[in-house]
Every structure is written in structure tokens, then in C-alpha cells.
file work08.tsv (TSV, C-alpha atoms and all ligand atoms)
chain	number	residue	atom	x	y	z
X	1	MET	CA	0.00	0.00	0.00
X	2	THR	CA	1.34	3.48	-0.84
X	3	VAL	CA	1.74	6.05	1.89
X	4	GLY	CA	-1.05	8.17	0.38
X	5	ALA	CA	-3.37	5.16	0.23
X	6	ALA	CA	-2.64	4.27	3.86
X	7	ARG	CA	-3.49	7.80	4.89
X	8	ASP	CA	-6.72	7.77	2.84
X	9	LEU	CA	-7.67	4.50	4.52
X	10	ARG	CA	-7.06	6.00	7.94
X	11	GLU	CA	-9.20	9.00	7.04
X	12	ARG	CA	-12.02	6.84	5.68
X	13	ASN	CA	-12.01	4.61	8.74
X	14	LYS	CA	-11.50	7.51	11.10
X	15	ILE	CA	-8.99	5.57	13.17
X	16	PRO	CA	-8.34	7.54	16.36
X	17	ARG	CA	-4.72	8.69	16.18
X	18	MET	CA	-3.68	9.08	19.79
X	19	ALA	CA	-4.91	9.74	23.28
X	20	SER	CA	-5.76	13.42	23.64
X	21	SER	CA	-3.48	13.76	26.69
X	22	MET	CA	-0.42	13.23	24.49
X	23	ASN	CA	1.03	16.03	22.37
X	24	CYS	CA	3.03	15.58	19.22
X	25	LEU	CA	6.74	16.36	19.69
X	26	THR	CA	6.95	18.28	16.40
X	27	ALA	CA	4.36	20.77	17.73
X	28	ASP	CA	7.01	21.94	20.23
X	29	ASP	CA	9.90	23.10	18.03
X	30	SER	CA	12.25	23.81	20.91
X	31	ARG	CA	11.82	20.36	22.54
X	32	TYR	CA	11.99	18.69	19.11
X	33	GLN	CA	15.33	20.43	18.41
X	34	LYS	CA	16.73	19.33	21.81
X	35	ALA	CA	15.56	15.76	21.23
X	36	PHE	CA	17.04	15.70	17.72
X	37	ARG	CA	20.44	16.98	18.95
X	38	LEU	CA	20.46	14.26	21.63
X	39	PHE	CA	19.51	11.65	19.04
X	40	LEU	CA	22.51	12.77	16.95
X	41	GLU	CA	24.79	12.45	20.01
X	42	ARG	CA	23.54	8.98	20.87
X	43	SER	CA	23.45	7.57	17.33
X	44	SER	CA	25.84	7.05	14.45
X	45	GLU	CA	23.30	8.77	12.17
X	46	HIS	CA	25.54	11.57	10.89
X	47	GLN	CA	28.65	9.37	10.88
X	48	CYS	CA	27.10	6.83	8.51
X	49	MET	CA	25.80	9.64	6.29
X	50	GLN	CA	29.27	11.23	6.28
X	51	GLU	CA	30.77	7.94	5.20
X	52	PHE	CA	28.22	7.64	2.40
X	53	ILE	CA	28.82	11.24	1.28
X	54	ARG	CA	32.60	10.72	1.28
X	55	ASN	CA	32.70	7.27	-0.31
X	56	THR	CA	29.68	6.90	-2.58
X	57	LEU	CA	28.36	10.36	-3.38
X	58	PRO	CA	31.47	11.62	-5.26
X	59	GLN	CA	30.60	9.39	-8.26
X	60	VAL	CA	27.10	10.87	-8.31
X	61	LEU	CA	28.50	14.40	-8.10
X	62	THR	CA	30.78	13.66	-11.06
X	63	SER	CA	27.76	12.75	-13.16
X	64	ILE	CA	25.99	16.01	-12.37
X	65	ALA	CA	28.90	18.48	-12.42
X	66	GLN	CA	31.21	17.29	-15.19
X	67	GLY	CA	31.82	20.01	-17.79
X	68	LYS	CA	29.99	22.71	-15.81
X	69	SER	CA	31.40	25.84	-14.18
X	70	SER	CA	28.36	26.38	-11.95
X	71	ILE	CA	25.62	24.19	-10.56
X	72	ASN	CA	22.31	24.58	-8.76
X	73	VAL	CA	21.77	22.64	-5.53
X	74	LEU	CA	18.63	22.46	-3.35
X	75	GLY	CA	18.55	21.13	0.21
X	76	VAL	CA	15.08	20.33	1.57
X	77	GLY	CA	14.72	19.93	5.35
X	78	SER	CA	18.42	20.68	5.78
X	79	GLY	CA	18.27	21.19	9.54
X	80	SER	CA	21.42	22.91	10.80
X	81	GLY	CA	23.36	22.13	7.65
X	82	GLU	CA	26.06	19.69	8.79
X	83	MET	CA	25.31	17.18	6.03
X	84	ASP	CA	24.83	19.96	3.46
X	85	LEU	CA	28.33	21.30	4.11
X	86	GLU	CA	29.73	17.78	3.96
X	87	ILE	CA	28.22	17.50	0.44
X	88	VAL	CA	29.60	20.93	-0.51
X	89	SER	CA	33.04	19.87	0.70
X	90	GLN	CA	32.96	16.82	-1.60
X	91	LEU	CA	31.90	19.04	-4.51
X	92	TYR	CA	34.81	21.41	-3.84
X	93	GLN	CA	37.33	18.62	-3.61
X	94	LYS	CA	36.30	17.41	-7.06
X	95	TYR	CA	35.62	20.78	-8.67
X	96	PRO	CA	37.56	23.49	-6.81
X	97	GLY	CA	36.59	26.38	-9.13
X	98	MET	CA	32.91	25.58	-9.28
X	99	THR	CA	30.35	28.22	-8.30
X	100	VAL	CA	27.29	26.87	-6.52
X	101	ASP	CA	23.82	28.38	-6.30
X	102	TYR	CA	22.50	26.73	-3.12
X	103	GLU	CA	18.86	27.00	-2.04
X	104	VAL	CA	17.92	25.81	1.42
X	105	VAL	CA	14.32	24.97	2.41
X	106	GLU	CA	13.93	24.63	6.17
X	107	PRO	CA	10.86	25.62	8.23
X	108	SER	CA	12.53	25.82	11.64
X	109	GLY	CA	13.96	29.26	12.44
X	110	GLU	CA	16.20	27.74	15.10
X	111	MET	CA	17.67	25.21	12.66
X	112	MET	CA	18.21	27.87	10.03
X	113	GLU	CA	20.06	30.16	12.44
X	114	ARG	CA	22.35	27.26	13.38
X	115	TYR	CA	22.94	26.56	9.68
X	116	LYS	CA	23.83	30.23	9.00
X	117	ALA	CA	26.20	30.23	11.99
X	118	LEU	CA	27.87	27.08	10.67
X	119	VAL	CA	28.32	28.71	7.25
X	120	SER	CA	29.81	31.85	8.78
X	121	ARG	CA	32.47	29.87	10.68
X	122	SER	CA	33.32	27.49	7.80
X	123	PRO	CA	36.17	28.38	5.47
X	124	ASN	CA	36.19	28.26	1.64
X	125	LEU	CA	32.52	28.90	0.99
X	126	GLU	CA	33.07	32.12	-1.02
X	127	LYS	CA	31.85	30.55	-4.23
X	128	ILE	CA	28.54	29.46	-2.78
X	129	LYS	CA	25.54	31.74	-3.01
X	130	PHE	CA	23.06	30.61	-0.35
X	131	THR	CA	19.36	31.45	-0.65
X	132	TRP	CA	17.47	30.84	2.59
X	133	ASN	CA	13.83	29.75	2.30
X	134	GLN	CA	12.46	29.49	5.83
X	135	MET	CA	9.30	27.53	5.04
X	136	PRO	CA	8.03	23.95	4.68
X	137	SER	CA	8.46	22.20	1.34
X	138	SER	CA	4.75	22.63	0.50
X	139	GLU	CA	5.07	26.41	0.71
X	140	PHE	CA	8.25	26.36	-1.35
X	141	GLU	CA	6.36	24.35	-3.97
X	142	ARG	CA	3.52	26.91	-3.99
X	143	HIS	CA	5.97	29.82	-4.40
X	144	TRP	CA	7.82	27.98	-7.15
X	145	LYS	CA	4.62	27.36	-9.12
X	146	THR	CA	3.40	30.94	-8.60
X	147	ARG	CA	6.69	32.32	-9.92
X	148	LYS	CA	6.48	29.88	-12.87
X	149	SER	CA	10.21	29.38	-12.36
X	150	THR	CA	12.06	27.56	-15.13
X	151	LYS	CA	15.24	27.12	-13.04
X	152	LYS	CA	16.51	23.52	-12.99
X	153	MET	CA	18.39	21.84	-10.16
X	154	ASP	CA	21.48	19.68	-10.66
X	155	PHE	CA	21.34	18.14	-7.21
X	156	ILE	CA	18.51	17.99	-4.68
X	157	HIS	CA	18.64	16.26	-1.32
X	158	MET	CA	15.92	15.40	1.18
X	159	ILE	CA	17.68	13.90	4.16
X	160	GLN	CA	15.46	12.46	6.89
X	161	MET	CA	12.61	14.89	6.18
X	162	LEU	CA	9.88	13.04	4.26
X	163	TYR	CA	8.25	11.96	7.56
X	164	TYR	CA	7.03	15.51	7.97
X	165	VAL	CA	5.09	16.09	4.76
X	166	THR	CA	1.43	15.22	4.12
X	167	ASP	CA	2.09	13.34	0.88
X	168	PRO	CA	5.63	11.98	0.53
X	169	ASP	CA	5.04	10.53	-2.97
X	170	ALA	CA	3.71	13.84	-4.33
X	171	THR	CA	6.56	15.73	-2.65
X	172	VAL	CA	9.12	13.45	-4.30
X	173	ALA	CA	7.36	13.90	-7.67
X	174	PHE	CA	7.44	17.71	-7.40
X	175	PHE	CA	11.13	17.92	-6.47
X	176	ARG	CA	12.10	15.34	-9.07
X	177	SER	CA	10.38	17.51	-11.70
X	178	LEU	CA	12.91	20.26	-10.91
X	179	LEU	CA	15.92	18.17	-11.93
X	180	SER	CA	18.12	19.15	-14.86
X	181	GLU	CA	18.89	16.59	-17.57
X	182	ASN	CA	21.74	14.96	-15.59
X	183	GLY	CA	20.43	15.99	-12.19
X	184	LYS	CA	20.01	13.62	-9.24
X	185	LEU	CA	17.71	13.58	-6.22
X	186	LEU	CA	19.05	12.05	-3.00
X	187	ILE	CA	16.54	10.79	-0.42
X	188	ILE	CA	17.67	9.38	2.92
X	189	LEU	CA	15.12	7.68	5.18
X	190	VAL	CA	15.10	4.92	7.76
X	191	SER	CA	15.12	1.43	6.36
X	192	GLY	CA	11.98	-0.65	7.02
X	193	ARG	CA	13.70	-3.54	8.81
X	194	THR	CA	14.93	-1.47	11.73
X	195	GLY	CA	13.98	-0.58	15.25
X	196	TRP	CA	11.89	2.24	13.77
X	197	GLY	CA	10.02	-0.22	11.53
X	198	LYS	CA	9.23	-2.51	14.45
X	199	LEU	CA	8.30	0.34	16.80
X	200	TRP	CA	6.00	2.06	14.33
X	201	LYS	CA	4.37	-1.11	13.04
X	202	THR	CA	3.60	-2.11	16.64
X	203	HIS	CA	2.51	1.25	18.02
X	204	HIS	CA	1.77	3.78	15.31
X	205	GLN	CA	-1.92	3.93	16.19
X	206	ASP	CA	-1.17	4.56	19.87
X	207	LEU	CA	1.46	7.23	19.31
X	208	CYS	CA	1.56	10.63	17.74
X	209	SER	CA	0.98	10.10	14.07
X	210	THR	CA	-0.81	13.10	12.68
X	211	GLU	CA	-1.34	14.16	9.09
X	212	ILE	CA	2.13	15.67	9.06
X	213	THR	CA	4.08	13.22	11.17
X	214	GLN	CA	3.91	9.76	9.80
X	215	TYR	CA	5.75	6.56	9.49
X	216	VAL	CA	7.32	6.28	6.08
X	217	ALA	CA	10.39	4.16	5.48
X	218	ALA	CA	12.56	3.92	2.37
X	219	GLY	CA	10.70	0.74	1.34
X	220	GLU	CA	7.44	2.66	0.85
X	221	ILE	CA	9.18	5.19	-1.37
X	222	ARG	CA	10.91	2.38	-3.31
X	223	SER	CA	7.56	0.65	-3.93
X	224	HIS	CA	6.17	3.87	-5.33
X	225	LEU	CA	9.22	4.40	-7.56
X	226	ASP	CA	9.06	0.79	-8.80
X	227	ALA	CA	5.33	1.07	-9.54
X	228	ASN	CA	5.96	4.21	-11.58
X	229	GLY	CA	9.06	2.98	-13.40
X	230	ILE	CA	11.30	5.66	-11.85
X	231	ARG	CA	15.00	4.83	-12.01
X	232	TYR	CA	16.99	4.90	-8.76
X	233	LYS	CA	19.88	3.27	-6.93
X	234	ALA	CA	19.55	2.19	-3.28
X	235	HIS	CA	22.32	1.99	-0.66
X	236	VAL	CA	21.99	0.74	2.93
X	237	LEU	CA	23.72	2.82	5.63
X	238	GLN	CA	24.36	0.88	8.85
X	239	SER	CA	23.59	2.82	11.99
X	240	THR	CA	22.73	2.28	15.66
X	241	MET	CA	21.45	4.41	18.52
X	242	ASP	CA	22.32	3.84	22.18
X	243	ILE	CA	18.95	3.91	24.01
X	244	THR	CA	20.21	2.48	27.33
X	245	GLU	CA	19.26	5.66	29.26
X	246	CYS	CA	15.60	5.22	28.21
X	247	PHE	CA	15.40	2.31	30.67
X	248	THR	CA	16.49	4.35	33.71
X	249	PRO	CA	13.28	5.78	35.24
X	250	GLY	CA	13.47	9.56	35.69
X	251	ASP	CA	16.64	9.95	33.58
X	252	GLU	CA	16.20	13.33	31.85
X	253	LYS	CA	18.11	12.39	28.70
X	254	GLY	CA	16.48	8.98	28.54
X	255	GLU	CA	13.07	10.67	28.62
X	256	LEU	CA	14.03	13.12	25.88
X	257	LEU	CA	15.27	10.28	23.69
X	258	LEU	CA	12.00	8.46	24.36
X	259	ASP	CA	10.16	11.55	23.10
X	260	PHE	CA	12.19	11.39	19.88
X	261	LEU	CA	11.46	7.68	19.47
X	262	THR	CA	7.72	7.99	20.09
X	263	GLU	CA	7.26	11.50	18.62
X	264	VAL	CA	5.28	12.33	21.75
X	265	SER	CA	6.23	15.30	23.92
X	266	ASP	CA	6.91	14.18	27.50
X	267	PHE	CA	5.95	10.60	26.67
X	268	SER	CA	7.04	9.25	30.07
X	269	LYS	CA	4.70	11.60	31.91
X	270	CYS	CA	1.75	11.63	29.47
X	271	ALA	CA	1.45	8.01	28.31
X	272	SER	CA	-0.73	5.57	30.22
X	273	PRO	CA	1.21	2.99	32.29
X	274	ASP	CA	0.05	0.24	29.92
X	275	LEU	CA	1.21	2.04	26.79
X	276	LYS	CA	4.52	2.96	28.41
X	277	ALA	CA	5.17	-0.64	29.48
X	278	SER	CA	4.28	-1.90	26.03
X	279	VAL	CA	6.56	0.61	24.24
X	280	MET	CA	9.46	-0.16	26.61
X	281	SER	CA	9.01	-3.86	25.94
X	282	THR	CA	8.97	-3.28	22.15
X	283	LEU	CA	12.17	-1.24	22.42
X	284	ARG	CA	13.89	-4.23	24.04
X	285	ASP	CA	12.53	-6.63	21.42
X	286	PRO	CA	15.24	-8.16	19.18
X	287	GLY	CA	13.35	-6.62	16.22
X	288	CYS	CA	14.22	-3.20	17.63
X	289	SER	CA	17.52	-3.52	19.43
X	290	SER	CA	20.30	-5.77	20.65
X	291	VAL	CA	22.48	-5.65	23.75
X	292	VAL	CA	26.14	-4.94	23.03
X	293	ASP	CA	28.64	-4.66	25.92
X	294	GLY	CA	25.73	-4.03	28.30
X	295	ARG	CA	24.30	-1.18	26.17
X	296	VAL	CA	20.89	-1.38	24.44
X	297	MET	CA	21.61	-0.55	20.80
X	298	PHE	CA	18.58	0.38	18.64
X	299	ASN	CA	18.77	-0.53	14.95
X	300	ASN	CA	18.80	2.83	13.14
X	301	ASN	CA	19.81	1.62	9.65
X	302	LEU	CA	19.05	4.03	6.84
X	303	GLU	CA	18.65	3.81	3.11
X	304	ALA	CA	19.92	6.33	0.58
X	305	LEU	CA	18.00	6.43	-2.68
X	306	ILE	CA	19.48	8.25	-5.65
X	307	LEU	CA	16.80	9.11	-8.17
X	308	TYR	CA	17.32	9.96	-11.82
X	309	PRO	CA	15.24	12.62	-13.64
X	401	LIG	C1	15.31	14.83	11.30
X	401	LIG	S1	15.66	16.46	10.84
X	401	LIG	C2	16.89	16.22	9.60
X	401	LIG	C3	17.78	17.44	9.40
X	401	LIG	C4	18.94	17.21	8.43
X	401	LIG	N1	18.51	16.89	7.10
X	401	LIG	C5	19.88	16.13	8.96
X	401	LIG	O1	19.80	14.99	8.50
X	401	LIG	O2	20.67	16.46	9.84
X	401	LIG	C6	14.25	16.89	9.88
X	401	LIG	C7	14.27	18.30	9.35
X	401	LIG	O3	13.15	18.48	8.46
X	401	LIG	C8	12.60	19.76	8.73
X	401	LIG	N2	11.20	19.75	8.28
X	401	LIG	C9	10.11	19.39	8.98
X	401	LIG	N3	9.00	19.52	8.23
X	401	LIG	C10	9.41	19.95	7.01
X	401	LIG	C11	8.74	20.29	5.80
X	401	LIG	N4	7.41	20.19	5.71
X	401	LIG	N5	9.46	20.74	4.76
X	401	LIG	C12	10.82	20.82	4.86
X	401	LIG	N6	11.49	20.52	5.98
X	401	LIG	C13	10.82	20.09	7.05
X	401	LIG	C14	12.78	19.93	10.23
X	401	LIG	O4	12.67	21.28	10.63
X	401	LIG	C15	14.16	19.35	10.43
X	401	LIG	O5	15.16	20.31	10.24

call {"tool": "encode", "arguments": {"input": "work08.tsv", "output": "C-alpha cells", "more": "lines below"}}
Ligand SMILES: C[S@@+](CC[C@H](N)C(=O)[O-])C[C@H]1O[C@@H](n2cnc3c(N)ncnc32)[C@H](O)[C@@H]1O
result
Amino acid sequence: MTVGAARDLRERNKIPRMASSMNCLTADDSRYQKAFRLFLERSSEHQCMQEFIRNTLPQVLTSIAQGKSSINVLGVGSGSGEMDLEIVSQLYQKYPGMTVDYEVVEPSGEMMERYKALVSRSPNLEKIKFTWNQMPSSEFERHWKTRKSTKKMDFIHMIQMLYYVTDPDATVAFFRSLLSENGKLLIILVSGRTGWGKLWKTHHQDLCSTEITQYVAAGEIRSHLDANGIRYKAHVLQSTMDITECFTPGDEKGELLLDFLTEVSDFSKCASPDLKASVMSTLRDPGCSSVVDGRVMFNNNLEALILYP
């Protein structure tokens, strides 16, 4: 079933989404940002992406940049820009004289300020012209269509952001339509056979899963691409997250990490005892995590999909 179809089914059946006493983490930008930073500290998320960008992406960048003196790049849901600048660094290593027109689409003001600060303290970015679009991808799409822009993008990336749009398939289709002849679209999402897959399949109806925060793994996007004959290459990125602290009652960081896992703000305090016990048991399930040197390591494997125009 496609993501859109699953959502339609939910709407038709009016499945209750979550207990009213629980609030979605993404509705509290400041707590979401804190939880995301902690997730990055406790996981190898950015490390495995870095490895992919350094070892695999250069071949992709060659195919888009060869023979050009300037290229157009678009980052969607770039967060505070660490992975964006890693990509830029690979571009510069291959094509030192290249000028880059770089558009960033990011709705969170806090994330964007962090990104700008990172740019201002990073050397060798003189040849990059950044355009900051502080808005969600849907608004960017509306602006783009209103302007009737004919600009084409040589490289677009959507790293860990498709969970937050109402229609991931339509979002992918819009951004793919912006690609130049040799352009590429990079999508990174969690892989289905991970702790996330197990957790969401078991509990997505109990937890915060609103119209704009949903479970979508790379497999759902791949099914859609396959069904529509869209060419892509898939790469698995191995990653884990240390969730040991989640099992220490009252541990502040453990509770914040639990919020990130469940997408519920203050999950420990707001969830019913039954739901909490059930989620904690799922997190210990071998489908979610394994114990390594006494630490509970959650399977956070990702998939990178590189789409052709
Ligand atoms: C999990 S973070 C990933 C950030 C960054 N790409 C990374 O991997 O470090 C998700 C990002 O998507 C952004 N986001 C949420 N909803 C969005 C939307 N509708 N359009 C674009 N970005 C969105 C969030 O503000 C956040 O910065």
C-alpha cells in the first residue's frame, strides 16, 4: 500500500490517532530540536551519512557536475546544515573552481540560524551563493509554481525529512520535476527492517501520528518508484542508537530520547502505564535492538535512494 493510500484508509475509517493527553513532539519546536540533537549524540546517524557522502556520493556528483562551471543545488529539510556542508566539501574537492547556487528549504527558524552560523564559521565557501527559504516544502512548492520558475536543479537532497510532509510521494514527484537533464535527487530515510520499523508497526496507532508526522520508510518510497518505473539506486547505511538511558526511570536524557522515538512530547509523563510498558518492551525486542557490551543498541539503519530525472 502506498503512503497516500494508507493515509486515505485511515481518514475513511476515522482511526483515532492518539490519546488526547499526548502532544506531538513536532508541535514543540524547541523540545523537538533538543531531542534531535540528543539523538545525533547517541546515534551514528551523521557518521554513517558522512561515510556515504565521502565514499559513494562523489561518483554521483561527477555525473551532475562534469563540464559545468556552476551548478544549482537544493537542500530540503536541511536542519542545521552539517550534512549539506559535507556535500559541498565533496563538490569542492572534485571541482575546486565551481560556483554553486545553493537554495535551502527549512521551516525551523532555530535550525536555520544554526545553519547560517555554521556557514559563517566554515572556510572556503566564497563561491557558494546561499538562498534561505524558511518555510516547509509545500510552501516552497507553492511559491515555485506561482513564480512559474524555469530554473533547474542539478542536485537535490531530502535527508530524513519526508516523515514531515502530508504526501511523501507527491513531494518526491514535485522535487524530481525540478531536476536538470543529468540531475540527481538524494533521499535518505530509515530502512523498514529497523527498530523504527518494528516500533512504528507495533505502536503507530497509539502514538503521535498526525497528518504531518507519519511513518514512512525507504521501502514505501521504493515501492512507489518501482510502480511508476522511476529509475533509482539504493544503498543501505548501517547505523545504531544507544537507548540504554531510556530504561532508567526519571533519567532526563532517557526521557528526551524516548520523546524522539515515540514523537510524543513528555511521553514518560503523558502516556498511560500500559502504553509505556508496552513501548518499553517493544524497544527491548530483538526486532528493535540488541544488547552490546551491556548497552541497548537500537537498529537505526538508513537507506539512501538516488533518483534519476
Ligand atoms: C530529522 S531532521 C533532519 C535534518 C537534516 N537533514 C539532517 O539529517 O541532519 C528533519 C528536518 O526536516 C525539517 N522539516 C520538517 N518539516 C518539514 C517540511 N514540511 N518541509 C521541509 N522541511 C521540514 C525539520 O525542521 C528538520 O530540520

call {"tool": "closest_atom_pairs", "arguments": {"input": "work08.tsv", "of": "chain X", "to": "ligand LIG 401 (chain X)", "cutoff": "8 Å", "atoms": "only C-alpha atoms and all ligand atoms", "output": "tab-separated table"}}
result
residue	atom	partner	partner_atom	distance
X:Phe36	CA	X:LIG401	C1	6.7
X:His46	CA	X:LIG401	O2	7.0
X:Val76	CA	X:LIG401	C12	5.4
X:Gly77	CA	X:LIG401	N6	3.3
X:Ser78	CA	X:LIG401	N1	4.0
X:Gly79	CA	X:LIG401	O5	3.3
X:Ser80	CA	X:LIG401	O2	6.6
X:Gly81	CA	X:LIG401	O2	6.6
X:Glu82	CA	X:LIG401	O2	6.4
X:Met83	CA	X:LIG401	O2	6.0
X:Asp84	CA	X:LIG401	N1	7.9
X:Val105	CA	X:LIG401	C12	6.0
X:Glu106	CA	X:LIG401	N6	4.8
X:Pro107	CA	X:LIG401	O4	5.3
X:Ser108	CA	X:LIG401	O4	4.7
X:Met111	CA	X:LIG401	O5	6.0
X:Met135	CA	X:LIG401	N5	6.8
X:Pro136	CA	X:LIG401	N5	3.5
X:Ser137	CA	X:LIG401	N5	3.9
X:Ser138	CA	X:LIG401	N4	6.3
X:Met158	CA	X:LIG401	N1	6.6
X:Ile159	CA	X:LIG401	N1	4.3
X:Gln160	CA	X:LIG401	C2	4.9
X:Met161	CA	X:LIG401	O3	4.3
X:Leu162	CA	X:LIG401	C10	7.5
X:Tyr163	CA	X:LIG401	N3	7.6
X:Tyr164	CA	X:LIG401	N3	4.5
X:Val165	CA	X:LIG401	N4	4.8
X:Thr166	CA	X:LIG401	N4	7.9
X:Ile212	CA	X:LIG401	N4	7.7

call {"tool": "closest_residue", "arguments": {"input": "work08.tsv", "among": "X:Thr194, X:Gln47, X:Ser278, X:Thr131", "to": "Gly219 of chain X", "atoms": "all atoms listed in the file"}}
result
X:Thr194

call {"tool": "residues_around", "arguments": {"input": "work08.tsv", "residues": "Thr26 of chain X", "least_positions_apart": "4", "cutoff": "10 Å", "atoms": "all atoms listed in the file", "output": "NGL selection string"}}
result
:X and (30-33 or 164 or 208 or 212-213 or 260 or 263-265)

call {"tool": "residues_around", "arguments": {"input": "work08.tsv", "residues": "segment 222-235 of chain X", "least_positions_apart": "2", "cutoff": "6 Å", "atoms": "all atoms listed in the file", "output": "MDAnalysis selection string"}}
result
chainID X and resid 219:220 303:308

call {"tool": "residues_near_point", "arguments": {"input": "work08.tsv", "point": "(20.8, 4.7, 22.4)", "cutoff": "8 Å", "atoms": "only C-alpha atoms", "output": "list in words"}}
result
Phe39, Arg42, Ser43, Thr240, Met241, Asp242, Ile243, Thr244, Glu245, Cys246, Leu257, Arg295, Val296, Met297 and Phe298 of chain X

call {"tool": "write_last_selection", "arguments": {"input": "work08.tsv", "atoms": "C-alpha atoms", "output": "PDB file, in the frame of the given file"}}
result
ATOM      1  CA  PHE X  39      19.510  11.650  19.040  1.00  0.00           C
ATOM      2  CA  ARG X  42      23.540   8.980  20.870  1.00  0.00           C
ATOM      3  CA  SER X  43      23.450   7.570  17.330  1.00  0.00           C
ATOM      4  CA  THR X 240      22.730   2.280  15.660  1.00  0.00           C
ATOM      5  CA  MET X 241      21.450   4.410  18.520  1.00  0.00           C
ATOM      6  CA  ASP X 242      22.320   3.840  22.180  1.00  0.00           C
ATOM      7  CA  ILE X 243      18.950   3.910  24.010  1.00  0.00           C
ATOM      8  CA  THR X 244      20.210   2.480  27.330  1.00  0.00           C
ATOM      9  CA  GLU X 245      19.260   5.660  29.260  1.00  0.00           C
ATOM     10  CA  CYS X 246      15.600   5.220  28.210  1.00  0.00           C
ATOM     11  CA  LEU X 257      15.270  10.280  23.690  1.00  0.00           C
ATOM     12  CA  ARG X 295      24.300  -1.180  26.170  1.00  0.00           C
ATOM     13  CA  VAL X 296      20.890  -1.380  24.440  1.00  0.00           C
ATOM     14  CA  MET X 297      21.610  -0.550  20.800  1.00  0.00           C
ATOM     15  CA  PHE X 298      18.580   0.380  18.640  1.00  0.00           C
TER      16      PHE X 298
END

call {"tool": "atom_distance", "arguments": {"input": "work08.tsv", "atom1": "atom CA of Val291 of chain X", "atom2": "atom CA of Thr248 of chain X"}}
result
15.3 Å

call {"tool": "atom_distance", "arguments": {"input": "work08.tsv", "atom1": "atom CA of Gly75 of chain X", "atom2": "atom CA of Glu103 of chain X"}}
result
6.3 Å

call {"tool": "closest_residue", "arguments": {"input": "work08.tsv", "among": "X:Cys288, X:Leu38, X:Val172, X:Leu186", "to": "Glu255 of chain X", "atoms": "only C-alpha atoms"}}
result
X:Leu38

call {"tool": "axis_aligned_box", "arguments": {"input": "work08.tsv", "around": "segment 47-54 of chain X", "padding_each_side": "5 Å", "output": "AutoDock Vina command-line options"}}
result
--center_x 29.2 --center_y 9.0 --center_z 6.1 --size_x 16.8 --size_y 14.4 --size_z 19.6

call {"tool": "closest_residue", "arguments": {"input": "work08.tsv", "among": "X:Ser281, X:Ser272, X:Ser63, X:Ser290", "to": "Lys94 of chain X", "atoms": "all atoms listed in the file"}}
result
X:Ser63

call {"tool": "residues_near_point", "arguments": {"input": "work08.tsv", "point": "(-5.7, 3.3, 25.5)", "cutoff": "8 Å", "atoms": "all atoms listed in the file", "output": "list in words"}}
result
Ala19, Asp206, Ser272, Asp274 and Leu275 of chain X

call {"tool": "write_last_selection", "arguments": {"input": "work08.tsv", "atoms": "C-alpha atoms", "output": "PDB file, in the frame of the given file"}}
result
ATOM      1  CA  ALA X  19      -4.910   9.740  23.280  1.00  0.00           C
ATOM      2  CA  ASP X 206      -1.170   4.560  19.870  1.00  0.00           C
ATOM      3  CA  SER X 272      -0.730   5.570  30.220  1.00  0.00           C
ATOM      4  CA  ASP X 274       0.050   0.240  29.920  1.00  0.00           C
ATOM      5  CA  LEU X 275       1.210   2.040  26.790  1.00  0.00           C
TER       6      LEU X 275
END

call {"tool": "residues_around", "arguments": {"input": "work08.tsv", "residues": "Thr99 of chain X", "least_positions_apart": "6", "cutoff": "12 Å", "atoms": "only C-alpha atoms", "output": "number ranges by chain"}}
result
X: 65, 68-73, 88, 91-92, 124-130

call {"tool": "residues_around", "arguments": {"input": "work08.tsv", "residues": "segment 147-149 of chain X", "least_positions_apart": "6", "cutoff": "12 Å", "atoms": "only C-alpha atoms", "output": "list of chain:residue names"}}
result
X:Phe140, X:Glu141, X:Ser177, X:Leu178

call {"tool": "closest_residue", "arguments": {"input": "work08.tsv", "among": "X:Leu199, X:Val104, X:Ala271, X:Leu179", "to": "Trp132 of chain X", "atoms": "all atoms listed in the file"}}
result
X:Val104

call {"tool": "closest_residue", "arguments": {"input": "work08.tsv", "among": "X:Tyr115, X:Phe267, X:Gly287, X:Asp167", "to": "Leu25 of chain X", "atoms": "all atoms listed in the file"}}
result
X:Phe267

call {"tool": "decode", "arguments": {"input": "work08.tsv", "residues": "segment 180-191 of chain X", "atoms": "N, CA and C atoms", "output": "PDB file, in the first residue's frame"}}
result
ATOM      1  N   SER X 180      17.567  18.911 -13.519  1.00  0.00           N
ATOM      2  CA  SER X 180      18.117  19.149 -14.856  1.00  0.00           C
ATOM      3  C   SER X 180      18.353  17.788 -15.533  1.00  0.00           C
ATOM      4  N   GLU X 181      18.768  17.824 -16.768  1.00  0.00           N
ATOM      5  CA  GLU X 181      18.891  16.589 -17.571  1.00  0.00           C
ATOM      6  C   GLU X 181      19.741  15.510 -16.877  1.00  0.00           C
ATOM      7  N   ASN X 182      20.881  15.939 -16.289  1.00  0.00           N
ATOM      8  CA  ASN X 182      21.742  14.963 -15.594  1.00  0.00           C
ATOM      9  C   ASN X 182      21.611  15.060 -14.077  1.00  0.00           C
ATOM     10  N   GLY X 183      20.573  15.759 -13.626  1.00  0.00           N
ATOM     11  CA  GLY X 183      20.426  15.993 -12.188  1.00  0.00           C
ATOM     12  C   GLY X 183      20.109  14.713 -11.417  1.00  0.00           C
ATOM     13  N   LYS X 184      20.308  14.782 -10.102  1.00  0.00           N
ATOM     14  CA  LYS X 184      20.006  13.622  -9.237  1.00  0.00           C
ATOM     15  C   LYS X 184      19.308  14.123  -7.973  1.00  0.00           C
ATOM     16  N   LEU X 185      18.419  13.273  -7.466  1.00  0.00           N
ATOM     17  CA  LEU X 185      17.710  13.579  -6.216  1.00  0.00           C
ATOM     18  C   LEU X 185      18.099  12.524  -5.178  1.00  0.00           C
ATOM     19  N   LEU X 186      18.668  12.974  -4.068  1.00  0.00           N
ATOM     20  CA  LEU X 186      19.053  12.049  -2.996  1.00  0.00           C
ATOM     21  C   LEU X 186      18.006  12.096  -1.879  1.00  0.00           C
ATOM     22  N   ILE X 187      17.482  10.905  -1.547  1.00  0.00           N
ATOM     23  CA  ILE X 187      16.539  10.794  -0.418  1.00  0.00           C
ATOM     24  C   ILE X 187      17.186   9.884   0.620  1.00  0.00           C
ATOM     25  N   ILE X 188      17.231  10.305   1.860  1.00  0.00           N
ATOM     26  CA  ILE X 188      17.671   9.385   2.921  1.00  0.00           C
ATOM     27  C   ILE X 188      16.532   9.253   3.927  1.00  0.00           C
ATOM     28  N   LEU X 189      16.192   7.993   4.223  1.00  0.00           N
ATOM     29  CA  LEU X 189      15.123   7.682   5.176  1.00  0.00           C
ATOM     30  C   LEU X 189      15.517   6.438   5.957  1.00  0.00           C
ATOM     31  N   VAL X 190      14.811   6.162   7.053  1.00  0.00           N
ATOM     32  CA  VAL X 190      15.099   4.917   7.755  1.00  0.00           C
ATOM     33  C   VAL X 190      14.697   3.735   6.872  1.00  0.00           C
ATOM     34  N   SER X 191      15.421   2.662   7.077  1.00  0.00           N
ATOM     35  CA  SER X 191      15.123   1.435   6.361  1.00  0.00           C
ATOM     36  C   SER X 191      13.970   0.741   7.103  1.00  0.00           C
TER      37      SER X 191
END
